[in-house]
Amino acid sequence: MITCTTQLEKSNKDTLCTLPSPSLVPNPAGVGGRKLMATALKLPIIDLSSPDRLSSATAIRQACTEYGFFYLVNHGVKEELVTRVLEESKKFFLLPLEEKMKLARKEHRGYSPLYAEILDPSSSPKGDSKESYYIGPLEDSSHQKNLNQWPPEDMMPSWKSTMESYHREVESVGRKLLSLIALSLNLEDNFFEKIGASNKPSSFLRLLRYPGEVMISKEEIYGASAHSDYGMVTLLATDGIPGLQVCRDKDKHQRCWEDVPHINGAFIVNIGDMMERWTNCLFRSTLHRVMPAGQERFSMPFFFDPNEDCVVECIKSCCSDSSPPRFPPIRSGDYLRERFRLTYGA
Ligand SMILES: O=C(O)CCC(=O)C(=O)O
């Protein structure tokens with residue numbers, strides 16, 4: 001599905017226009033009649049288990065320069081574990097709000113209620129229609145003891161162990177993927193390890209529930225309004241309900257939104273802003289959003305972000321005299337803190 005909004009229209013109303021595509025047909029199930037059906041975006045598929053690492057690295061480079069998004073298959077995280085995490089996540093969100101608020105988000109860990117997050121204040125001033133739960137790094141950082149919050153064991157007996165298993169496994173996938181990303185940038189495969197990015201990374205698993213309602217008192221709402229991710233790389237699993245859309249050219253006056261279809265067993269991977277800074281915008285941190293599907297949706301992005309002390313500065317292979325670094329070096333922890341402050345107001 002492709003929908004388009006102009007920057008100007010976006011600030012007034014989310015008006016849509018059609019792309020000159022022969023495949024466009026009206027979508028009766030569209031949100032408030034706003035959508036038109038079109039071909040879904042065909043993202044590249046990367047096989048993490050392929051022994052031909054150089055070919056995988058080349059494919060990653062192409063995916064990251066063209067889309068900033070790709071599917072990752074054969075990553076080794078069992079479907080059964082993904083299903084268990086989704087089930088445990090659903091159980092948590094079913095708890096009464098009062099119980100969930102006992103674990104309200106502190107130090108970026110724990111529960112955030114509906115509308116707590118405003119990713120794009122121009123289109124979603126009321127806040128995004130989702131509730132979430134953040135689980136941070138499992139190891140203590142060099143600066144503080146572990147700050148994760150967990151639901152009481154008697155209430156959710158296998159919750160913590162399930163989330164910890166998933167966190168560990170996806171973090172290990174993130175490390176393998178990062179070594180291919182390093183190769184794709186003509187660097188040694190342990191480059192990100194050597195600069196301290198993936199040693200005690202700032203890895204955050206986020207459980208998300210979108211209630212799925214399309215309008216509230218005539219106001220259009222978003223599950224997640226338009227944003228790019230802040231960090232290094234994100235690995236997303238969902239329950240298969242549609243909603244995720246990407247805008248490949250965030251600087252264009254007219255924004256075109258394309259659906260990202262679900263593929264069973266694949267992670268949807270996207271590049272974050274810090275990777276875009278490292279690569280001097282060679283790799284794209286692509287704008288994306290979640291549209292309400294008219295039904296409940298669960299997802300779980302895993303933000304594999306650099307160690308907070310790692311300094312993110314333009315990689316040598318990504319700049320030259322004619323293409324000097326576009327961003328000054330910045331400590332990852334400082335960058336992330338500022339981005340969260342802008343999103344949550346605290
Ligand atoms: O739920 C999704 O599909 C995407 C979530 C997302 O974009 C985010 O949390 O940054």
# chains A, B, ... in the order shown; residues from 1 in each chain; ligands from 1
>>> residues_around(residues="stretch 311-321 of chain A", least_positions_apart="5", cutoff="6 Å", atoms="only C-alpha atoms", output="list in words")
Trp278, Thr279, Asn280, Pro329, Ile330, Arg331 and Ser332 of chain A
>>> residues_near_ligand(ligand="ligand 1", cutoff="10 Å", atoms="only C-alpha atoms and all ligand atoms", output="number ranges by chain")
A: 119, 130, 132, 205-210, 223-230, 234-246, 260, 262, 268, 270, 272, 287-291, 297-303
>>> residues_around(residues="stretch 60-71 of chain A", least_positions_apart="2", cutoff="6 Å", atoms="only C-alpha atoms", output="PyMOL selection string")
chain A and resi 43-45+57-58+184+266-271+282-286
>>> closest_atom_pairs(of="stretch 65-153 of chain A", to="stretch 158-167 of chain A", cutoff="10 Å", atoms="only C-alpha atoms", output="tab-separated table")
residue	atom	partner	partner_atom	distance
A:Val77	CA	A:Tyr166	CA	8.0
A:Lys78	CA	A:Tyr166	CA	9.5
A:Leu81	CA	A:Tyr166	CA	6.9
A:Val82	CA	A:Tyr166	CA	7.5
A:Arg84	CA	A:Thr162	CA	7.2
A:Val85	CA	A:Thr162	CA	6.3
A:Leu86	CA	A:Met163	CA	9.8
A:Glu87	CA	A:Trp159	CA	9.6
A:Glu88	CA	A:Trp159	CA	6.1
A:Ser89	CA	A:Trp159	CA	8.2
A:Lys91	CA	A:Trp159	CA	9.2
A:Phe92	CA	A:Trp159	CA	8.6
A:Ile135	CA	A:Met163	CA	8.1
A:Gly136	CA	A:His167	CA	8.8
A:Pro137	CA	A:His167	CA	8.2
A:Leu138	CA	A:Glu164	CA	7.3
A:Gln149	CA	A:Lys160	CA	9.5
A:Trp150	CA	A:Lys160	CA	6.5
A:Pro151	CA	A:Trp159	CA	7.6
A:Pro152	CA	A:Trp159	CA	9.1
A:Glu153	CA	A:Ser158	CA	7.4
>>> write_last_selection(atoms="C-alpha atoms", output="PDB file, in the first residue's frame")
ATOM      1  CA  VAL A  77      15.968 -17.192  17.198  1.00  0.00           C
ATOM      2  CA  LYS A  78      13.362 -19.930  17.416  1.00  0.00           C
ATOM      3  CA  LEU A  81      10.535 -18.221  21.689  1.00  0.00           C
ATOM      4  CA  VAL A  82       9.154 -15.296  19.654  1.00  0.00           C
ATOM      5  CA  ARG A  84       6.237 -17.056  23.941  1.00  0.00           C
ATOM      6  CA  VAL A  85       7.452 -13.456  24.229  1.00  0.00           C
ATOM      7  CA  LEU A  86       4.354 -12.237  22.387  1.00  0.00           C
ATOM      8  CA  GLU A  87       2.110 -14.304  24.688  1.00  0.00           C
ATOM      9  CA  GLU A  88       3.820 -13.023  27.854  1.00  0.00           C
ATOM     10  CA  SER A  89       3.645  -9.495  26.519  1.00  0.00           C
ATOM     11  CA  LYS A  91      -0.569 -11.122  29.476  1.00  0.00           C
ATOM     12  CA  PHE A  92       1.199  -8.091  30.880  1.00  0.00           C
ATOM     13  CA  ILE A 135      13.603  -3.828  29.158  1.00  0.00           C
ATOM     14  CA  GLY A 136      17.148  -2.479  29.125  1.00  0.00           C
ATOM     15  CA  PRO A 137      20.552  -4.210  29.137  1.00  0.00           C
ATOM     16  CA  LEU A 138      20.632  -7.294  31.356  1.00  0.00           C
ATOM     17  CA  GLN A 149      11.878  -3.421  36.456  1.00  0.00           C
ATOM     18  CA  TRP A 150       9.997  -6.732  36.447  1.00  0.00           C
ATOM     19  CA  PRO A 151       6.385  -7.685  37.204  1.00  0.00           C
ATOM     20  CA  PRO A 152       6.031  -9.663  40.479  1.00  0.00           C
ATOM     21  CA  GLU A 153       6.895 -13.335  39.963  1.00  0.00           C
TER      22      GLU A 153
END
>>> closest_residue(among="A:Glu219, A:Leu54, A:Asp47, A:Leu94", to="A:Leu187", atoms="only C-alpha atoms")
A:Leu54
>>> atom_distance(atom1="atom CA of A:Ala59", atom2="atom CA of A:Leu180")
9.9 Å
>>> select_by_dssp(residues="stretch 88-212 of chain A", states="alpha helix (DSSP H)", output="count of residues only")
42
>>> atom_distance(atom1="atom CA of A:Lys194", atom2="atom CA of A:Asp52")
23.1 Å
>>> closest_residue(among="A:Ala104, A:Val233, A:Leu177, A:Ile195", to="A:Ser50", atoms="only C-alpha atoms")
A:Leu177
